[in-house]
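The next block holds one structure in the form of structure tokens; read it before the comments.
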Amino acid sequence: MTAQTARPALPARQIRLLMFGLMTGMLLAALDQTIVGTALPTIVGELGGIDHYSWVVTAYLLASTASTPLYGKMADLYGRRPVFLFSIGAFLLGSLLAGLSQDMTQLIVTRGVQGLGAGGLMTLAFVIISDVVPPRERGRYQGLFGAVFGLSSVAGPLVGGYFAETNWRWIFYINVPLAILAIVVCWHVMRLVPFQRREHTVDWIGAALLVAGVSCLLLALSWGGNSYAWGSAVIVGLFVAGAALGVAFLFQEARTREPILPLRLFRSRTFALANSAGFVLGLVMFGSIIFIPLYLQIVKGASPTRSGLLMLPMMAGIIVTSILTGRAMSRIGRYKWFPVVGSAVLVTGMLLFRQLQVETSLWLAFGYMVVIGVGLGLCMQSLILAVQNAVDVRDLGAGTSSATFFRSLGGSFGVAILGAVLSTRLSSALADRLPGALAQLPPQQRAAVAAGGTENISINDPATILALPGPVRAAIQASFVESLHLVFLTTGLVAVLAVLVTLAMPNHQLRGAGPQGATGGADPLGGKAAAPGGKPLPKESKDEAAAEMEAKSQTML
């Protein structure tokens, strides 16, 4: 058993400056997940290589997801500052090279470099702020991270659409000044966050097994139903290889001295259940939200850029609820009922989306979006805080990265599973409706549509669907909406599982000082609670560092 390590007491001004740097870094990674998709057709049109279209996204997803647990462990072993600065540097380099790409191969490789950096940006921000803020006060800071995700979901399609019409290379170049700003801020402020090195050996075998296993699973999920049939030898082989490598990883982690993901953490009921809930909610969140912009484009005729703007009600729900939830957790001092209520609200939102029809007004759809946004805002940060509250400081990086990793992995499974559900139901619905729709067309027009190949119509190409004759377009829209009903029913049922899992979570008190100075509960691993405000830095070093930081920050700003 180890005691909870005391945290440095930083002035509010320096914590705000640190938050600014961390949020800038997180914005880079979150924005890049949404900004590229809008401009991808334009990029492929200029660089060519349509056969490698999906790899631009897959390379980023593989690198960011597989590297997430490694960043957490490296931060525990080598300190937050060098690891976080490395992640920003990798992202900056990848962005610069991606903007300079002259063909699809170069773009795919540089997107992988970007993903390598993004894996650290997404998880280390939570780890770093937890070093200087006790769990009891952490919610109101981490709630702002949820707001960054909401902002990026709206800004990404808008910015991507704008640069797609002007110069797509600025989609990547725009990251460079933001990354430099984040490096300058974090370089100076994070010097005030102490780190105590300990003797260690890096589990390179475990790292290799983890990366290889996750890569096999993600490739199977990305290629299944698209490049290869789900039952093909390639997909089955990737799943088998991923499972075998996963088992080998577990055996390696059980025997090594410094595991990448310490299995002993799963003995904590809170840690195990919170990560399980994160996986389920990732499946629901990422697997269902991607279909809402498609509804707006295919059924309502919105452009990709405008569909991003129409998602604003959902993002407003996420942003406002994340901030309020963080503040409420800090005041109440407990976390359990926020994800429970959030999961229940998500169930309601998914079932409401089952009521969508072709003729449903946008205002009613906006109301449904707000419900889902509120549910996500209640869940996103509370589960990460639950995980952090359940682990010792020496495992904070590994524990936090596990929460991000399982949520991302759940999202990958959600996209694949729900995509298969949609595709299967859509094929059946189109087979029922398209013959009657074609029969309504004049012979010449019917022949033209048939020559275009109705079986090759893709829901990922809304512009082509909207250009079809009225009866055919209406049949496709009605079939798509009917298929969405099954998708949202599936996610609603899965969200019920999230309610049950979060209900089983313990409702421990958050450690640290409350708003009125009351201390939180003891360390779950046996140590005492941290004193209110943590352990202050020596006065001389704190005053000198604060004065230097103040001068440099004023000059920089």
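Numbering starts fresh at 1 for the residues of each chain in the structure tokens, the chains themselves are lettered A, B, ... in the order given, and ligands are numbered from 1 as they appear.
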Query - Close residues, Phe91 (chain A) itself excluded, 7 Å, only C-alpha atoms, min 4 positions apart in chain, as a list in words - result: Ser87, Ser95, Val113, Gln114, Gly117 and Ala118 of chain A
Produce a table with one row for each residue of region 297-366 of chain A that has an atom at most 7 Å from any atom of region 487-496 of chain A, each row naming the nearest atom pair and its distance in Å at one decimal; use only C-alpha atoms; arrange rows by chain and rising residue number; format as a tab-separated table.
residue	atom	partner	partner_atom	distance
A:Ser343	CA	A:Ala495	CA	6.2
A:Leu346	CA	A:Ala495	CA	6.7
A:Val347	CA	A:Gly492	CA	4.8
A:Met350	CA	A:Gly492	CA	5.2
A:Leu351	CA	A:Gly492	CA	6.1
A:Phe353	CA	A:Phe488	CA	6.6
A:Arg354	CA	A:Phe488	CA	6.0
For all heavy atoms, I'd like the residues from the last selection saved as a compact mmCIF listing (two decimals), in the first residue's frame.
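Listed below is the output, again.txt:
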# COMPACT_ATOMS: atom_id res chain seq x y z
N SER A 343 -26.38 8.09 -18.31
CA SER A 343 -26.69 6.90 -19.11
C SER A 343 -28.19 6.77 -19.33
O SER A 343 -28.64 6.42 -20.43
CB SER A 343 -26.14 5.65 -18.42
OG SER A 343 -24.75 5.73 -18.23
N LEU A 346 -29.20 9.17 -21.93
CA LEU A 346 -28.81 8.67 -23.24
C LEU A 346 -29.80 7.65 -23.77
O LEU A 346 -30.12 7.63 -24.96
CB LEU A 346 -27.41 8.05 -23.17
CG LEU A 346 -26.23 8.99 -23.33
CD1 LEU A 346 -24.92 8.23 -23.19
CD2 LEU A 346 -26.27 9.70 -24.67
N VAL A 347 -30.27 6.77 -22.90
CA VAL A 347 -31.30 5.80 -23.31
C VAL A 347 -32.52 6.54 -23.85
O VAL A 347 -33.05 6.21 -24.92
CB VAL A 347 -31.70 4.89 -22.13
CG1 VAL A 347 -32.89 4.00 -22.52
CG2 VAL A 347 -30.54 4.01 -21.70
N MET A 350 -31.71 8.14 -27.30
CA MET A 350 -31.67 7.16 -28.39
C MET A 350 -33.08 6.71 -28.79
O MET A 350 -33.39 6.56 -29.98
CB MET A 350 -30.83 5.94 -27.99
CG MET A 350 -29.37 6.24 -27.73
SD MET A 350 -28.56 6.99 -29.17
CE MET A 350 -27.03 7.56 -28.42
N LEU A 351 -33.93 6.52 -27.82
CA LEU A 351 -35.31 6.12 -28.13
C LEU A 351 -36.08 7.27 -28.79
O LEU A 351 -36.95 7.02 -29.64
CB LEU A 351 -36.01 5.66 -26.85
CG LEU A 351 -35.43 4.39 -26.19
CD1 LEU A 351 -36.21 4.02 -24.95
CD2 LEU A 351 -35.41 3.23 -27.19
N PHE A 353 -34.71 9.39 -30.83
CA PHE A 353 -34.26 9.42 -32.22
C PHE A 353 -34.91 8.32 -33.05
O PHE A 353 -34.89 8.39 -34.28
CB PHE A 353 -32.74 9.30 -32.29
CG PHE A 353 -32.05 10.63 -32.44
CD1 PHE A 353 -31.45 11.25 -31.37
CD2 PHE A 353 -32.02 11.26 -33.67
CE1 PHE A 353 -30.83 12.48 -31.50
CE2 PHE A 353 -31.40 12.49 -33.83
CZ PHE A 353 -30.81 13.11 -32.74
N ARG A 354 -35.49 7.33 -32.40
CA ARG A 354 -36.24 6.33 -33.15
C ARG A 354 -37.53 6.92 -33.73
O ARG A 354 -38.16 6.31 -34.60
CB ARG A 354 -36.60 5.13 -32.27
CG ARG A 354 -35.45 4.19 -31.97
CD ARG A 354 -35.94 2.86 -31.45
NE ARG A 354 -36.56 2.07 -32.51
CZ ARG A 354 -37.80 1.63 -32.49
NH1 ARG A 354 -38.61 1.96 -31.48
NH2 ARG A 354 -38.28 0.89 -33.48
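Considering the residues A:Val341, A:Ala243, A:Val159, A:Leu296 and counting only C-alpha atoms, Leu217 (chain A) has its shortest atom-to-atom contact with A:Ala243.
For Trp204 (chain A), the list of residues within 10 Å, based on only C-alpha atoms and with local chain neighbours fewer than 2 positions off taken out, reads Leu70, Thr201, Val202, Gly206, Ala207, Ala208, Leu209, Leu210, Glu258, Pro259 and Ile260 of chain A.
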Let's have the selection written as an mmCIF file, in the first residue's frame, with all heavy atoms.
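After the write, again.cif holds the following:
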data_model
loop_
_atom_site.group_PDB
_atom_site.id
_atom_site.type_symbol
_atom_site.label_atom_id
_atom_site.label_comp_id
_atom_site.auth_asym_id
_atom_site.auth_seq_id
_atom_site.Cartn_x
_atom_site.Cartn_y
_atom_site.Cartn_z
ATOM 1 N N LEU A 70 0.383 3.568 -23.745
ATOM 2 C CA LEU A 70 1.830 3.722 -23.613
ATOM 3 C C LEU A 70 2.174 5.105 -23.057
ATOM 4 O O LEU A 70 3.079 5.233 -22.223
ATOM 5 C CB LEU A 70 2.506 3.528 -24.972
ATOM 6 C CG LEU A 70 2.199 2.223 -25.707
ATOM 7 C CD1 LEU A 70 3.011 2.140 -26.998
ATOM 8 C CD2 LEU A 70 2.500 1.019 -24.823
ATOM 9 N N THR A 201 12.029 -0.429 -15.150
ATOM 10 C CA THR A 201 12.373 -1.039 -16.435
ATOM 11 C C THR A 201 11.133 -0.954 -17.316
ATOM 12 O O THR A 201 10.019 -1.221 -16.861
ATOM 13 C CB THR A 201 12.774 -2.514 -16.265
ATOM 14 O OG1 THR A 201 11.724 -3.209 -15.578
ATOM 15 C CG2 THR A 201 14.073 -2.641 -15.472
ATOM 16 N N VAL A 202 11.325 -0.561 -18.557
ATOM 17 C CA VAL A 202 10.190 -0.401 -19.464
ATOM 18 C C VAL A 202 9.804 -1.764 -20.046
ATOM 19 O O VAL A 202 10.663 -2.517 -20.511
ATOM 20 C CB VAL A 202 10.536 0.581 -20.597
ATOM 21 C CG1 VAL A 202 9.358 0.734 -21.550
ATOM 22 C CG2 VAL A 202 10.930 1.931 -20.019
ATOM 23 N N GLY A 206 5.570 -6.016 -23.580
ATOM 24 C CA GLY A 206 4.152 -5.734 -23.378
ATOM 25 C C GLY A 206 3.665 -4.628 -24.285
ATOM 26 O O GLY A 206 2.553 -4.703 -24.835
ATOM 27 N N ALA A 207 4.495 -3.595 -24.473
ATOM 28 C CA ALA A 207 4.107 -2.493 -25.367
ATOM 29 C C ALA A 207 3.916 -2.997 -26.790
ATOM 30 O O ALA A 207 2.941 -2.635 -27.469
ATOM 31 C CB ALA A 207 5.163 -1.401 -25.319
ATOM 32 N N ALA A 208 4.859 -3.843 -27.262
ATOM 33 C CA ALA A 208 4.754 -4.374 -28.623
ATOM 34 C C ALA A 208 3.522 -5.246 -28.779
ATOM 35 O O ALA A 208 2.810 -5.168 -29.793
ATOM 36 C CB ALA A 208 6.022 -5.164 -28.972
ATOM 37 N N LEU A 209 3.244 -6.092 -27.787
ATOM 38 C CA LEU A 209 2.066 -6.963 -27.851
ATOM 39 C C LEU A 209 0.778 -6.139 -27.857
ATOM 40 O O LEU A 209 -0.173 -6.447 -28.593
ATOM 41 C CB LEU A 209 2.062 -7.933 -26.664
ATOM 42 C CG LEU A 209 3.128 -9.034 -26.678
ATOM 43 C CD1 LEU A 209 3.140 -9.781 -25.344
ATOM 44 C CD2 LEU A 209 2.876 -10.010 -27.824
ATOM 45 N N LEU A 210 0.743 -5.087 -27.039
ATOM 46 C CA LEU A 210 -0.455 -4.244 -26.972
ATOM 47 C C LEU A 210 -0.695 -3.540 -28.303
ATOM 48 O O LEU A 210 -1.814 -3.560 -28.837
ATOM 49 C CB LEU A 210 -0.300 -3.216 -25.856
ATOM 50 C CG LEU A 210 -1.432 -2.195 -25.723
ATOM 51 C CD1 LEU A 210 -2.735 -2.881 -25.353
ATOM 52 C CD2 LEU A 210 -1.094 -1.123 -24.696
ATOM 53 N N GLU A 258 7.201 -3.779 -14.292
ATOM 54 C CA GLU A 258 6.553 -2.488 -14.572
ATOM 55 C C GLU A 258 5.597 -2.652 -15.748
ATOM 56 O O GLU A 258 5.930 -2.306 -16.886
ATOM 57 C CB GLU A 258 7.595 -1.419 -14.893
ATOM 58 C CG GLU A 258 8.356 -0.884 -13.697
ATOM 59 C CD GLU A 258 7.521 0.075 -12.854
ATOM 60 O OE1 GLU A 258 6.372 0.361 -13.252
ATOM 61 O OE2 GLU A 258 8.011 0.522 -11.818
ATOM 62 N N PRO A 259 4.401 -3.186 -15.526
ATOM 63 C CA PRO A 259 3.466 -3.413 -16.633
ATOM 64 C C PRO A 259 2.961 -2.110 -17.236
ATOM 65 O O PRO A 259 2.840 -1.093 -16.546
ATOM 66 C CB PRO A 259 2.323 -4.191 -15.971
ATOM 67 C CG PRO A 259 2.390 -3.814 -14.526
ATOM 68 C CD PRO A 259 3.844 -3.593 -14.228
ATOM 69 N N ILE A 260 2.675 -2.151 -18.540
ATOM 70 C CA ILE A 260 2.093 -0.990 -19.214
ATOM 71 C C ILE A 260 0.722 -0.676 -18.625
ATOM 72 O O ILE A 260 0.372 0.481 -18.375
ATOM 73 C CB ILE A 260 1.975 -1.253 -20.733
ATOM 74 C CG1 ILE A 260 3.360 -1.473 -21.352
ATOM 75 C CG2 ILE A 260 1.255 -0.107 -21.432
ATOM 76 C CD1 ILE A 260 4.274 -0.276 -21.293
#
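Nearest to Ser152 (chain A) of all the residues A:Val415, A:Leu503, A:Ala478, A:Met23 is A:Met23, based on only C-alpha atoms.
Note that the spacing between CA of Ile43 (chain A) and CA of Ile174 (chain A) amounts to 16.0 Å.
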**Report entry** Counting only C-alpha atoms, the residue of A:Gly120, A:Gly282, A:Gly115, A:Gly317 that sits nearest Arg80 (chain A)
**Finding:** A:Gly120
Report task. Please identify all polymer residues within 12 Å of region 18-21 of chain A, counting only C-alpha atoms, omitting same-chain residues fewer than 2 positions from it, and present them as a PyMOL selection string. Result -> chain A and resi 10-16+23-28+81+84-85+88+121+124-133+138+140-145+148+178-193+549+553+557
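Summary of the local environment: counting only C-alpha atoms, residues at most 12 Å from Trp55 (chain A), other than itself and those fewer than 6 positions away along its chain, are A:Gly37, A:Leu40, A:Val44, A:Gly49, A:Leu61, A:Leu62, A:Ala63, A:Met104, A:Thr105, A:Gln106, A:Leu107, A:Ile108, A:Val109, A:Thr110, A:Arg111, A:Gly112, A:Leu218, A:Leu219, A:Ser222, A:Trp223, A:Ser227.
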Residues just named, written with N, CA, C and O atoms as a short mmCIF file (atom, residue, chain, number, x, y, z; two decimals), in the first residue's frame:
data_model
loop_
_atom_site.label_atom_id
_atom_site.label_comp_id
_atom_site.auth_asym_id
_atom_site.auth_seq_id
_atom_site.Cartn_x
_atom_site.Cartn_y
_atom_site.Cartn_z
N GLY A 37 -12.28 14.91 -42.16
CA GLY A 37 -13.32 14.17 -42.88
C GLY A 37 -14.07 15.01 -43.90
O GLY A 37 -14.38 14.54 -45.00
N LEU A 40 -11.82 15.53 -46.99
CA LEU A 40 -11.17 14.36 -47.57
C LEU A 40 -11.47 14.14 -49.04
O LEU A 40 -10.55 13.82 -49.83
N VAL A 44 -8.44 13.85 -51.79
CA VAL A 44 -8.28 12.69 -52.66
C VAL A 44 -8.37 13.11 -54.13
O VAL A 44 -7.65 12.58 -54.99
N GLY A 49 -5.33 8.41 -55.66
CA GLY A 49 -5.25 7.31 -54.71
C GLY A 49 -6.56 7.02 -54.01
O GLY A 49 -6.58 6.83 -52.79
N LEU A 61 -6.36 6.74 -36.61
CA LEU A 61 -7.06 6.00 -35.56
C LEU A 61 -6.16 4.94 -34.94
O LEU A 61 -6.11 4.78 -33.70
N LEU A 62 -5.43 4.19 -35.78
CA LEU A 62 -4.54 3.14 -35.28
C LEU A 62 -3.47 3.73 -34.36
O LEU A 62 -3.27 3.24 -33.24
N ALA A 63 -2.79 4.77 -34.82
CA ALA A 63 -1.68 5.33 -34.05
C ALA A 63 -2.16 5.95 -32.74
O ALA A 63 -1.53 5.76 -31.69
N MET A 104 -0.81 10.30 -51.82
CA MET A 104 -1.59 9.69 -50.74
C MET A 104 -0.70 8.90 -49.78
O MET A 104 -0.98 8.84 -48.58
N THR A 105 0.37 8.29 -50.28
CA THR A 105 1.25 7.52 -49.40
C THR A 105 1.89 8.44 -48.36
O THR A 105 1.92 8.11 -47.16
N GLN A 106 2.37 9.60 -48.79
CA GLN A 106 2.95 10.54 -47.84
C GLN A 106 1.90 11.03 -46.84
O GLN A 106 2.19 11.15 -45.64
N LEU A 107 0.70 11.28 -47.31
CA LEU A 107 -0.36 11.76 -46.41
C LEU A 107 -0.71 10.71 -45.38
O LEU A 107 -0.89 11.03 -44.19
N ILE A 108 -0.80 9.45 -45.78
CA ILE A 108 -1.15 8.38 -44.84
C ILE A 108 -0.07 8.23 -43.77
O ILE A 108 -0.37 8.11 -42.58
N VAL A 109 1.20 8.25 -44.18
CA VAL A 109 2.30 8.13 -43.21
C VAL A 109 2.30 9.30 -42.23
O VAL A 109 2.43 9.11 -41.01
N THR A 110 2.13 10.51 -42.74
CA THR A 110 2.16 11.67 -41.86
C THR A 110 0.92 11.73 -40.96
O THR A 110 0.98 12.24 -39.84
N ARG A 111 -0.20 11.18 -41.44
CA ARG A 111 -1.37 11.08 -40.57
C ARG A 111 -1.11 10.12 -39.42
O ARG A 111 -1.60 10.32 -38.30
N GLY A 112 -0.32 9.08 -39.68
CA GLY A 112 0.08 8.18 -38.60
C GLY A 112 0.93 8.90 -37.57
O GLY A 112 0.77 8.69 -36.35
N LEU A 218 -8.38 -3.15 -34.64
CA LEU A 218 -8.86 -1.95 -35.32
C LEU A 218 -8.89 -2.14 -36.84
O LEU A 218 -9.81 -1.65 -37.52
N LEU A 219 -7.91 -2.85 -37.38
CA LEU A 219 -7.93 -3.12 -38.82
C LEU A 219 -9.12 -4.00 -39.19
O LEU A 219 -9.78 -3.78 -40.21
N SER A 222 -12.16 -1.82 -39.08
CA SER A 222 -12.19 -0.83 -40.16
C SER A 222 -12.46 -1.47 -41.51
O SER A 222 -13.19 -0.92 -42.34
N TRP A 223 -11.88 -2.65 -41.76
CA TRP A 223 -12.01 -3.31 -43.06
C TRP A 223 -13.27 -4.15 -43.18
O TRP A 223 -13.78 -4.35 -44.27
N SER A 227 -13.79 -3.24 -47.05
CA SER A 227 -12.80 -3.80 -47.96
C SER A 227 -12.94 -5.32 -48.10
O SER A 227 -12.64 -5.89 -49.14
#
Query - Using only C-alpha atoms: which of A:Leu158, A:Ala66, A:Val280, A:Ile372 has the shortest distance to Gly119 (chain A) - result: A:Ala66
